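Next comes coords.txt, with compact mmCIF, C-alpha atoms and all ligand atoms.
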# COMPACT_ATOMS: atom_id res chain seq x y z
CA MET B 1 -14.86 11.51 -2.26
CA VAL B 2 -11.89 11.03 0.08
CA ASP B 3 -11.69 7.48 1.36
CA ILE B 4 -10.87 8.09 5.02
CA VAL B 5 -10.05 4.42 5.61
CA ASP B 6 -7.50 4.52 2.80
CA THR B 7 -6.10 7.89 3.99
CA ASN B 8 -5.71 6.54 7.51
CA LYS B 9 -3.96 3.43 6.18
CA LYS B 10 -1.49 5.61 4.25
CA ALA B 11 -0.89 7.87 7.25
CA LEU B 12 0.14 4.86 9.30
CA ASP B 13 2.25 3.18 6.57
CA PHE B 14 5.70 4.07 7.90
CA ASP B 15 7.50 1.67 5.51
CA ASN B 16 6.00 3.48 2.57
CA GLN B 17 6.96 6.89 3.95
CA ILE B 18 10.59 5.85 4.00
CA ALA B 19 10.50 4.12 0.60
CA ALA B 20 8.73 7.07 -1.07
CA GLN B 21 11.62 9.41 -0.29
CA ASP B 22 13.80 7.81 -2.97
CA ASP B 23 11.33 8.59 -5.75
CA THR B 24 10.82 12.09 -4.41
CA PHE B 25 14.43 13.16 -4.91
CA PRO B 26 15.73 11.88 -8.25
CA MET B 27 19.22 13.15 -9.13
CA LEU B 28 19.65 15.87 -11.76
CA SER B 29 22.45 14.89 -14.15
CA VAL B 30 23.38 16.16 -17.60
CA LEU B 31 26.96 14.99 -18.28
CA ALA B 32 27.89 11.37 -17.56
CA ALA B 33 31.24 10.51 -15.98
CA ASP B 34 32.63 9.85 -19.49
CA GLY B 35 31.63 13.34 -20.66
CA ALA B 36 28.66 12.14 -22.77
CA ILE B 37 25.48 14.22 -22.65
CA VAL B 38 22.61 12.29 -21.08
CA ASP B 39 20.00 15.03 -21.47
CA GLU B 40 20.13 17.35 -24.51
CA THR B 41 17.10 19.33 -23.32
CA ALA B 42 18.89 20.19 -20.08
CA VAL B 43 21.97 21.30 -22.04
CA LYS B 44 19.78 23.73 -24.03
CA ARG B 45 18.09 24.89 -20.86
CA ALA B 46 21.49 25.74 -19.34
CA GLU B 47 22.14 28.19 -22.22
CA LEU B 48 25.91 28.00 -21.92
CA ASP B 49 27.78 29.14 -25.03
CA ASP B 50 31.32 28.05 -25.92
CA ASP B 51 32.90 30.93 -24.00
CA ASP B 52 30.90 30.03 -20.90
CA LEU B 53 31.98 26.40 -21.12
CA ILE B 54 35.63 27.45 -21.41
CA ASN B 55 35.22 29.90 -18.52
CA ILE B 56 33.77 27.16 -16.31
CA MET B 57 36.62 24.81 -17.26
CA LYS B 58 39.16 27.55 -16.48
CA ARG B 59 37.58 28.29 -13.11
CA MET B 60 37.68 24.61 -12.22
CA LEU B 61 41.33 24.40 -13.31
CA LEU B 62 42.15 27.50 -11.27
CA SER B 63 40.59 25.86 -8.26
CA ARG B 64 42.51 22.61 -8.79
CA GLN B 65 45.82 24.48 -9.13
CA LEU B 66 45.09 26.50 -6.01
CA ASP B 67 44.42 23.22 -4.24
CA ILE B 68 47.69 21.65 -5.43
CA ARG B 69 49.80 24.71 -4.63
CA SER B 70 48.15 25.39 -1.26
CA THR B 71 48.71 21.78 -0.20
CA LYS B 72 52.41 22.04 -1.12
CA LEU B 73 52.80 25.35 0.70
CA ALA B 74 51.07 23.88 3.76
CA LYS B 75 53.53 20.97 3.77
CA GLN B 76 56.37 23.49 3.71
CA GLY B 77 54.84 25.34 6.65
CA ARG B 78 54.26 28.42 4.49
CA PHE B 79 50.47 28.32 4.62
CA GLY B 80 48.01 28.46 7.47
CA PHE B 81 44.75 26.54 7.57
CA PHE B 82 43.80 24.87 4.31
CA ALA B 83 40.77 22.71 3.46
CA PRO B 84 41.37 20.83 0.18
CA THR B 85 38.85 21.25 -2.64
CA ALA B 86 39.83 18.58 -5.21
CA GLY B 87 36.74 16.77 -6.42
CA GLN B 88 34.38 19.61 -5.54
CA GLU B 89 35.20 21.88 -8.49
CA ALA B 90 31.78 21.44 -10.12
CA SER B 91 29.81 21.97 -6.93
CA GLN B 92 31.87 25.09 -6.19
CA MET B 93 32.99 26.65 -9.46
CA ALA B 94 30.25 25.59 -11.90
CA SER B 95 27.50 26.47 -9.39
CA SER B 96 28.98 29.87 -8.54
CA TYR B 97 29.21 30.71 -12.28
CA ALA B 98 25.43 31.22 -12.17
CA PHE B 99 25.74 34.21 -9.80
CA ASN B 100 26.96 37.72 -10.38
CA ASP B 101 28.87 40.40 -8.50
CA ASP B 102 25.74 41.85 -6.84
CA ASP B 103 24.88 38.49 -5.28
CA TRP B 104 26.17 37.82 -1.77
CA LEU B 105 28.35 34.77 -1.20
CA MET B 106 28.28 33.10 2.24
CA PRO B 107 31.14 30.60 2.14
CA GLY B 108 32.40 27.93 4.48
CA TYR B 109 36.12 27.39 5.06
CA ARG B 110 36.35 25.06 2.03
CA ASP B 111 34.78 27.64 -0.29
CA ILE B 112 37.75 29.95 -0.84
CA PRO B 113 37.76 29.43 -4.67
CA GLN B 114 34.24 30.91 -5.00
CA ILE B 115 35.43 34.10 -3.24
CA ILE B 116 38.50 34.33 -5.48
CA VAL B 117 36.46 34.26 -8.69
CA LYS B 118 34.42 37.15 -7.26
CA GLY B 119 37.61 39.23 -7.41
CA TRP B 120 39.18 38.61 -3.98
CA PRO B 121 42.92 38.47 -4.62
CA ILE B 122 44.69 35.17 -3.94
CA TRP B 123 47.20 36.94 -1.68
CA LYS B 124 44.36 37.88 0.69
CA ALA B 125 43.21 34.27 0.74
CA ILE B 126 46.74 33.27 1.75
CA LEU B 127 46.72 35.88 4.53
CA TRP B 128 43.30 34.61 5.66
CA SER B 129 44.77 31.12 5.94
CA ARG B 130 47.50 32.56 8.15
CA GLY B 131 45.03 34.39 10.40
CA HIS B 132 46.27 37.82 9.29
CA VAL B 133 43.77 40.68 9.73
CA LEU B 134 44.20 41.79 6.10
CA GLY B 135 42.88 38.39 5.09
CA ASN B 136 39.54 39.51 6.46
CA VAL B 137 39.22 42.50 4.14
CA PHE B 138 36.87 41.59 1.31
CA THR B 139 37.92 43.93 -1.45
CA THR B 140 39.48 43.51 -4.89
CA ALA B 141 43.10 44.35 -5.68
CA ASP B 142 41.94 47.89 -6.58
CA ASP B 143 39.86 48.19 -3.41
CA LYS B 144 36.35 47.62 -4.75
CA PRO B 145 34.02 45.72 -2.40
CA VAL B 146 33.61 41.99 -2.92
CA ASN B 147 30.14 40.79 -1.91
CA SER B 148 31.30 37.92 0.26
CA TRP B 149 31.45 37.26 3.97
CA MET B 150 34.48 35.67 5.52
CA PRO B 151 34.78 31.89 5.15
CA GLN B 152 32.79 30.58 8.10
CA ILE B 153 34.57 28.18 10.45
CA ILE B 154 31.56 27.64 12.73
CA ILE B 155 29.74 24.89 10.88
CA GLY B 156 26.42 26.08 9.42
CA ALA B 157 26.52 29.56 11.01
CA GLN B 158 26.58 31.24 7.60
CA TYR B 159 23.05 29.94 6.97
CA VAL B 160 21.60 32.20 9.65
CA GLU B 161 23.51 35.20 8.32
CA ALA B 162 22.43 34.25 4.79
CA ALA B 163 18.76 34.29 5.80
CA GLY B 164 19.10 37.82 7.20
CA ILE B 165 20.91 39.20 4.17
CA ALA B 166 18.46 37.44 1.86
CA LEU B 167 15.54 39.12 3.62
CA GLY B 168 17.34 42.48 3.36
CA LEU B 169 17.74 41.99 -0.39
CA LYS B 170 14.08 41.13 -0.74
CA LYS B 171 12.91 44.14 1.29
CA ARG B 172 15.11 46.43 -0.79
CA GLN B 173 13.69 44.79 -3.95
CA LYS B 174 17.16 43.97 -5.25
CA ASP B 175 17.68 41.76 -8.26
CA ALA B 176 20.19 39.81 -6.19
CA VAL B 177 20.39 36.74 -4.00
CA VAL B 178 22.47 35.26 -1.25
CA TYR B 179 24.17 32.00 -2.17
CA ALA B 180 25.42 30.02 0.78
CA TYR B 181 27.48 26.85 0.97
CA THR B 182 27.75 24.27 3.72
CA GLY B 183 28.59 20.56 3.90
CA ASP B 184 26.68 17.37 4.74
CA GLY B 185 27.82 17.78 8.35
CA GLY B 186 26.50 21.35 8.31
CA THR B 187 22.95 20.06 7.82
CA SER B 188 23.03 18.57 11.33
CA GLN B 189 23.55 21.98 12.92
CA GLY B 190 20.76 24.04 14.46
CA ASP B 191 21.89 27.08 12.49
CA PHE B 192 21.21 25.23 9.25
CA TYR B 193 17.57 24.55 10.17
CA GLU B 194 17.03 28.03 11.57
CA GLY B 195 18.48 29.64 8.45
CA ILE B 196 16.45 27.70 5.90
CA ASN B 197 13.30 27.92 8.01
CA PHE B 198 13.53 31.70 8.39
CA ALA B 199 14.38 32.24 4.72
CA GLY B 200 11.49 29.97 3.72
CA ALA B 201 9.01 31.71 6.01
CA TYR B 202 9.91 35.13 4.58
CA GLN B 203 10.40 33.85 1.01
CA ALA B 204 13.78 35.53 1.08
CA ASN B 205 16.21 35.67 -1.87
CA ALA B 206 18.49 32.76 -1.05
CA VAL B 207 20.05 29.76 -2.75
CA PHE B 208 21.36 27.24 -0.24
CA PHE B 209 23.98 24.72 -1.32
CA VAL B 210 24.72 21.57 0.63
CA GLN B 211 27.92 20.00 -0.65
CA ASN B 212 27.42 16.40 0.34
CA ASN B 213 31.03 15.28 -0.04
CA GLY B 214 30.55 12.07 1.91
CA TYR B 215 32.31 12.99 5.14
CA ALA B 216 32.32 15.50 7.98
CA ILE B 217 35.98 15.06 8.88
CA SER B 218 35.83 11.29 9.66
CA THR B 219 32.05 10.96 10.14
CA PRO B 220 30.50 9.33 7.08
CA ARG B 221 27.28 10.68 5.64
CA ARG B 222 25.35 7.55 6.74
CA LEU B 223 26.12 8.26 10.41
CA GLN B 224 25.34 11.97 10.03
CA THR B 225 21.57 11.59 9.73
CA ALA B 226 18.88 9.00 9.04
CA ALA B 227 17.45 11.32 6.37
CA LYS B 228 17.70 9.55 3.02
CA HIS B 229 18.40 12.81 1.25
CA LEU B 230 19.74 15.98 2.80
CA ALA B 231 17.55 17.85 0.31
CA ALA B 232 14.53 16.53 2.22
CA LYS B 233 15.43 18.91 5.01
CA GLY B 234 14.59 21.80 2.68
CA TRP B 235 11.08 20.43 2.24
CA ALA B 236 10.57 20.64 5.98
CA ALA B 237 11.10 24.38 5.56
CA GLY B 238 8.66 24.42 2.63
CA ILE B 239 11.24 25.29 0.01
CA PRO B 240 11.95 23.61 -3.35
CA SER B 241 14.91 21.28 -2.88
CA LEU B 242 16.74 19.05 -5.29
CA VAL B 243 19.56 16.55 -5.50
CA VAL B 244 22.18 17.15 -8.17
CA ASP B 245 25.16 15.16 -9.42
CA GLY B 246 27.72 17.41 -7.78
CA ASN B 247 30.51 16.22 -10.08
CA ASP B 248 28.55 17.29 -13.16
CA PRO B 249 29.42 20.91 -13.99
CA ILE B 250 26.51 21.43 -16.39
CA ALA B 251 23.95 20.02 -13.94
CA MET B 252 25.37 22.12 -11.10
CA TYR B 253 25.27 25.26 -13.23
CA LEU B 254 21.74 24.55 -14.46
CA ALA B 255 20.41 23.92 -10.95
CA ALA B 256 22.07 27.09 -9.65
CA LYS B 257 20.84 29.23 -12.54
CA GLU B 258 17.23 28.07 -12.17
CA ALA B 259 17.40 28.44 -8.40
CA ARG B 260 18.67 32.02 -8.76
CA THR B 261 15.85 32.87 -11.17
CA TRP B 262 13.30 31.44 -8.72
CA ALA B 263 14.79 33.24 -5.72
CA THR B 264 14.97 36.64 -7.44
CA SER B 265 11.36 36.34 -8.63
CA GLY B 266 10.12 36.70 -5.06
CA LYS B 267 9.13 33.05 -4.65
CA GLY B 268 11.67 32.34 -1.91
CA PRO B 269 14.73 30.16 -1.46
CA VAL B 270 15.86 26.93 -3.13
CA LEU B 271 18.06 24.24 -1.60
CA ILE B 272 20.50 22.26 -3.75
CA GLU B 273 22.16 19.10 -2.46
CA ALA B 274 25.27 18.33 -4.52
CA ILE B 275 26.43 14.72 -4.36
CA THR B 276 30.21 14.89 -4.58
CA ASP B 277 33.34 13.65 -2.86
CA ARG B 278 36.23 15.15 -0.94
CA LEU B 279 39.08 13.35 -2.69
CA GLU B 280 41.69 14.54 -0.23
CA PRO B 281 42.05 14.89 3.55
CA HIS B 282 39.66 17.12 5.50
CA SER B 283 42.40 19.69 6.02
CA THR B 284 46.16 19.89 5.84
CA ALA B 285 46.32 19.71 9.64
CA GLY B 286 47.13 16.02 9.80
CA ASP B 287 43.92 14.18 8.83
CA ASP B 288 44.48 10.67 7.40
CA PRO B 289 41.43 9.58 5.33
CA LEU B 290 42.61 5.96 5.29
CA ARG B 291 41.62 5.73 8.94
CA TYR B 292 37.95 6.10 7.96
CA ARG B 293 37.66 5.11 4.27
CA THR B 294 39.33 2.78 1.80
CA GLN B 295 41.78 3.63 -0.96
CA ASP B 296 39.49 1.75 -3.41
CA ASP B 297 36.64 4.11 -2.59
CA ILE B 298 38.86 7.16 -3.08
CA ASP B 299 40.21 5.77 -6.39
CA ALA B 300 36.68 5.12 -7.65
CA TRP B 301 35.69 8.74 -6.95
CA TRP B 302 38.81 10.03 -8.76
CA GLN B 303 37.40 8.34 -11.90
CA LYS B 304 34.21 10.40 -11.55
CA GLU B 305 35.78 13.77 -10.73
CA PRO B 306 34.42 16.84 -12.56
CA LEU B 307 37.47 17.95 -14.53
CA ILE B 308 37.64 14.65 -16.45
CA ARG B 309 34.08 14.85 -17.70
CA MET B 310 34.20 18.57 -18.51
CA ARG B 311 37.51 18.11 -20.37
CA LYS B 312 36.04 15.27 -22.44
CA TYR B 313 32.85 17.19 -23.17
CA ILE B 314 34.51 20.38 -24.42
CA THR B 315 37.31 18.50 -26.21
CA THR B 316 34.69 16.52 -28.15
CA LYS B 317 32.98 19.82 -28.96
CA GLY B 318 36.28 20.96 -30.51
CA ILE B 319 36.75 24.01 -28.26
CA TRP B 320 39.45 22.65 -25.90
CA ASP B 321 42.68 20.68 -26.17
CA GLN B 322 45.71 19.70 -24.11
CA GLU B 323 47.77 22.63 -25.41
CA LYS B 324 45.15 25.14 -24.23
CA GLU B 325 44.95 23.41 -20.86
CA ASP B 326 48.74 23.39 -20.38
CA ALA B 327 48.97 27.08 -21.33
CA TYR B 328 46.22 28.02 -18.88
CA ILE B 329 47.74 25.98 -16.05
CA ALA B 330 51.10 27.73 -16.65
CA GLU B 331 49.35 31.13 -16.57
CA VAL B 332 47.59 30.27 -13.31
CA ASN B 333 50.81 29.10 -11.69
CA THR B 334 52.61 32.31 -12.65
CA LEU B 335 49.75 34.24 -11.05
CA ILE B 336 49.90 32.10 -7.91
CA ASP B 337 53.69 32.66 -7.69
CA GLU B 338 53.16 36.44 -7.83
CA GLN B 339 50.40 36.30 -5.25
CA ILE B 340 52.51 34.26 -2.82
CA LYS B 341 55.23 36.93 -3.06
CA ILE B 342 52.72 39.69 -2.32
CA ALA B 343 51.40 37.78 0.71
CA ASP B 344 54.92 37.07 1.98
CA ASN B 345 55.83 40.77 1.74
CA VAL B 346 52.89 41.99 3.82
CA PRO B 347 54.21 43.13 7.22
CA LYS B 348 53.42 40.74 10.05
CA GLN B 349 50.30 41.72 11.93
CA LYS B 350 50.61 43.35 15.29
CA ILE B 351 48.61 42.01 18.22
CA SER B 352 46.99 45.45 18.50
CA ASP B 353 45.80 45.19 14.83
CA PHE B 354 44.29 41.85 15.62
CA VAL B 355 42.38 43.10 18.67
CA LYS B 356 41.28 46.25 16.80
CA ASN B 357 39.82 44.07 14.04
CA THR B 358 37.64 42.07 16.42
CA LEU B 359 34.82 44.54 17.11
CA GLU B 360 33.90 47.73 15.27
CA VAL B 361 33.51 49.50 18.63
CA PRO B 362 35.99 47.93 21.05
CA SER B 363 34.89 47.20 24.60
CA TYR B 364 36.59 49.06 27.48
CA ALA B 365 38.83 46.08 28.23
CA MET B 366 39.81 45.76 24.59
CA SER B 367 40.60 49.49 24.34
CA GLU B 368 42.92 49.08 27.34
CA GLN B 369 44.60 46.07 25.67
CA ILE B 370 45.03 47.94 22.39
CA LYS B 371 46.66 50.90 24.23
CA ARG B 372 48.97 48.56 26.15
CA PHE B 373 50.05 46.55 23.09
CA GLU B 374 50.59 49.73 21.05
CA SER B 375 52.73 51.26 23.83
CA GLU B 376 54.89 48.12 23.68
CA GLY B 377 55.15 48.37 19.87
CA LYS B 378 53.19 45.14 19.49
C1 LIG T 401 29.82 24.40 15.31
C2 LIG T 401 31.03 23.58 15.00
N1 LIG T 401 31.14 22.33 15.47
C3 LIG T 401 32.24 21.57 15.19
C4 LIG T 401 33.24 22.09 14.44
C5 LIG T 401 34.48 21.24 14.13
N2 LIG T 401 34.45 20.87 12.70
C6 LIG T 401 35.24 21.49 11.80
S1 LIG T 401 35.01 20.92 10.25
C7 LIG T 401 33.84 19.81 10.75
C8 LIG T 401 33.16 18.91 9.75
C9 LIG T 401 32.20 19.61 8.85
O1 LIG T 401 31.77 18.75 7.84
P1 LIG T 401 30.88 19.20 6.63
O2 LIG T 401 29.85 20.19 7.08
O3 LIG T 401 30.38 17.98 5.97
O4 LIG T 401 31.86 20.01 5.68
P2 LIG T 401 33.18 19.55 4.91
O5 LIG T 401 34.34 19.78 5.86
O6 LIG T 401 33.01 18.12 4.52
O7 LIG T 401 33.29 20.44 3.74
C10 LIG T 401 33.67 19.90 12.13
C11 LIG T 401 32.74 19.04 12.89
C12 LIG T 401 33.11 23.43 13.97
N3 LIG T 401 34.05 24.01 13.22
N4 LIG T 401 31.99 24.14 14.27

Represent the structure of the file as structure tokens.
Ligand SMILES: Cc1ncc(C[n+]2csc(CCOP(=O)(O)OP(=O)(O)O)c2C)c(N)n1
Amino acid sequence: MVDIVDTNKKALDFDNQIAAQDDTFPMLSVLAADGAIVDETAVKRAELDDDDLINIMKRMLLSRQLDIRSTKLAKQGRFGFFAPTAGQEASQMASSYAFNDDDWLMPGYRDIPQIIVKGWPIWKAILWSRGHVLGNVFTTADDKPVNSWMPQIIIGAQYVEAAGIALGLKKRQKDAVVYAYTGDGGTSQGDFYEGINFAGAYQANAVFFVQNNGYAISTPRRLQTAAKHLAAKGWAAGIPSLVVDGNDPIAMYLAAKEARTWATSGKGPVLIEAITDRLEPHSTAGDDPLRYRTQDDIDAWWQKEPLIRMRKYITTKGIWDQEKEDAYIAEVNTLIDEQIKIADNVPKQKISDFVKNTLEVPSYAMSEQIKRFESEGK
């Protein structure tokens, strides 16, 4: 029999409600920072063979090289907007490895690498950074569609769009999901709550990632919300939600894979909070992290970054070595060089192209503007 006195006591025990949240969201981790496996069962459950492990390592290296080269180009004034990704390779590249071409990616501005591994050429990403209209065309080099929306600049807005697409996939009975990424700051936006709530209510095919990288520009996670875990926000929408070591590539992949299976089985969305760190400035537009965090803190996170642990893990397995890594990095840099040339050779956009690209059916005023700019050769 229910003891109503005891139930009432629990209902009014606010201290306990706060304390209980820690036990409710333990962190999924498989590879320790030194590359040692901490859970063999989870490794088996991930079902990654040697080729998969090498592919994940290569994708993370590709992302790191893109980060290094984009930062240099930005310093030379040859790039547009760039949001660094170093430190987030596992939460971006290992998680996205669990999805396939039919799945729809809803990226934020920091999630360019996930679009590139879907087949979007690097030269288009460069044009996107420069605000060129051709950087908003999501097709492969040979013009096949890439199932991704443009990187969203409006924080959290992609979550609303994700919910709608996820419902569409469910209604059409597709074996596909939407996978959307936002940051810790994104979880404070109304769009975030609306998106997860709608997707939860309709049990739509969505996997929501929250990359908790510690900061929303200069606002630290602790000032962002009083919620102990951002994953708890998913529970408010009635959807399974978990916290994952976001610098652990195997854990990120495993969480994403299981979430995808759940979401395609008709049971609804899953929310994954990845605990990671943005090792570099917010963007290349002049942010100085030392104004809001210490060098010691940054150095400590560099020791825990995902490439180190993945490198150690696969080197110990005997399937990776420095020579292979150097060769792959050289290959990637040759590719990036070629792609920069392609981007640089694309004719400058005209103002009329830009206006034409804004709406599928231009308004009367826009049609007038397009005519005027075209008549002036602009
Ligand atoms: C709706 C909205 N508000 C404010 C901004 C300005 N802004 C750009 S980035 C950013 C921080 C976002 O932080 P987070 O979601 O944690 O993502 P991160 O940049 O760390 O990947 C803000 C507030 C914006 N782009 N959109």

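Excluding region 72-83 of chain B itself and any same-chain residue fewer than 4 positions from it, the protein and nucleic acid residues within 6 Å of it, counting all atoms listed in the file, are Arg110, Ser129, Arg130, Ser283 and Thr284 of chain B.
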
Need the shell around Leu134 (chain B): protein/DNA/RNA residues with any atom at most 8 Å away, counting all atoms listed in the file. Skip same-chain ones fewer than 4 positions apart. Format as a PDB file with C-alpha atoms, in the coordinates of the input?
ATOM      1  CA  LYS B 124      44.360  37.880   0.690  1.00  0.00           C
ATOM      2  CA  LEU B 127      46.720  35.880   4.530  1.00  0.00           C
ATOM      3  CA  TRP B 128      43.300  34.610   5.660  1.00  0.00           C
TER       4      TRP B 128
END

Checklist entry - Do you know which residues are at most 10 Å from region 232-239 of chain B counting only C-alpha atoms, after dropping those on the same chain fewer than 5 positions away, and could you put them as a PyMOL selection string? => result chain B and resi 21+24-25+187-188+192-201+203+208+227+267-273

Checklist entry - What do you get as a PyMOL selection string if you pick all residues at most 6 Å from ligand LIG 401 (chain T), counting all atoms listed in the file? => result chain B and resi 110+153-155+182-186+213+215-217+282

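Note that CA of Asp277 (chain B) and CA of Gln17 (chain B) are 28.1 Å apart.
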
Checklist entry - CA of Leu335 (chain B) to CA of Arg69 (chain B): how many Å, to one decimal? => result 11.5 Å

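Polymer residues near (16.1, 43.0, -3.0): counting only C-alpha atoms with a cut-off of 12 Å, they are B:Asp102, B:Asp103, B:Trp104, B:Gly164, B:Ile165, B:Ala166, B:Leu167, B:Gly168, B:Leu169, B:Lys170, B:Lys171, B:Arg172, B:Gln173, B:Lys174, B:Asp175, B:Ala176, B:Val177, B:Val178, B:Gln203, B:Ala204, B:Asn205, B:Ala206, B:Ala263, B:Thr264, B:Ser265, B:Gly266, B:Gly268.
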
Next on the checklist: Neighbouring residues of Asn136 (chain B) were defined as those with any atom within 12 Å, considering only C-alpha atoms; residues of the same chain fewer than 6 positions away were excluded. Please report them as a ChimeraX atom specification.
Outcome noted: /B:115,120-121,123-130,146,148-152,353-354,357-358

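Straight-line separation from CA of Gln88 (chain B) to CA of Ala20 (chain B): 28.9 Å.
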
What would the list of residues within 6 Å of (47.2, 27.8, -8.5) (file frame) look like as a PDB file with C-alpha atoms, keeping the file's coordinate frame, if only C-alpha atoms are what count?
ATOM      1  CA  LEU B  62      42.150  27.500 -11.270  1.00  0.00           C
ATOM      2  CA  GLN B  65      45.820  24.480  -9.130  1.00  0.00           C
ATOM      3  CA  LEU B  66      45.090  26.500  -6.010  1.00  0.00           C
ATOM      4  CA  ARG B  69      49.800  24.710  -4.630  1.00  0.00           C
ATOM      5  CA  VAL B 332      47.590  30.270 -13.310  1.00  0.00           C
ATOM      6  CA  ASN B 333      50.810  29.100 -11.690  1.00  0.00           C
ATOM      7  CA  ILE B 336      49.900  32.100  -7.910  1.00  0.00           C
TER       8      ILE B 336
END

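For the residues B:Ile319, B:Val355, B:Ala330, B:Met366, ranking by smallest atom-to-atom distance to Val133 (chain B) using all atoms listed in the file places B:Val355 first.
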
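For the set B:Pro145, B:Gly246, B:Gly87, B:Gly108, the residue with the smallest atom-to-atom gap to Leu31 (chain B) is B:Gly246, counting only C-alpha atoms.
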
Write out, as a Markdown table, each residue of region 199-248 of chain B that has an atom at most 10 Å from region 295-312 of chain B, together with the closest pair of atoms and their distance in Å to one decimal, counting all atoms listed in the file, rows going by chain and rising number.
| residue | atom | partner | partner_atom | distance |
| --- | --- | --- | --- | --- |
| B:Asp245 | CA | B:Pro306 | CA | 9.9 |
| B:Gly246 | CA | B:Pro306 | CA | 8.3 |
| B:Asn247 | CA | B:Pro306 | CA | 4.7 |
| B:Asp248 | CA | B:Pro306 | CA | 5.9 |

Checklist outcome for this item: Shortest contact to Pro84 (chain B), candidates B:Ala32, B:Ile340, B:Ala285, B:Met1, atoms counted all atoms listed in the file, goes to B:Ala285

Item to check | Polymer residues at most 7 Å from Ala98 (chain B), only C-alpha atoms, same-chain spacing of 6 or more positions, as a PyMOL selection string | outcome: chain B and resi 253+256-257

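Using all atoms listed in the file, the smallest distance between any of B:Gly119, B:Ser352, B:Thr71, B:Lys10 and Asp143 (chain B) comes from B:Gly119.
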
Checklist entry - Closest to Ala180 (chain B) among B:Ile370, B:Ile250, B:Ala327, B:Met106, using all atoms listed in the file? => result B:Met106

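Closest approach to Phe373 (chain B) among B:Val244, B:Ala274, B:Ile351, B:Ile314 is made by B:Ile351 (distances from only C-alpha atoms).
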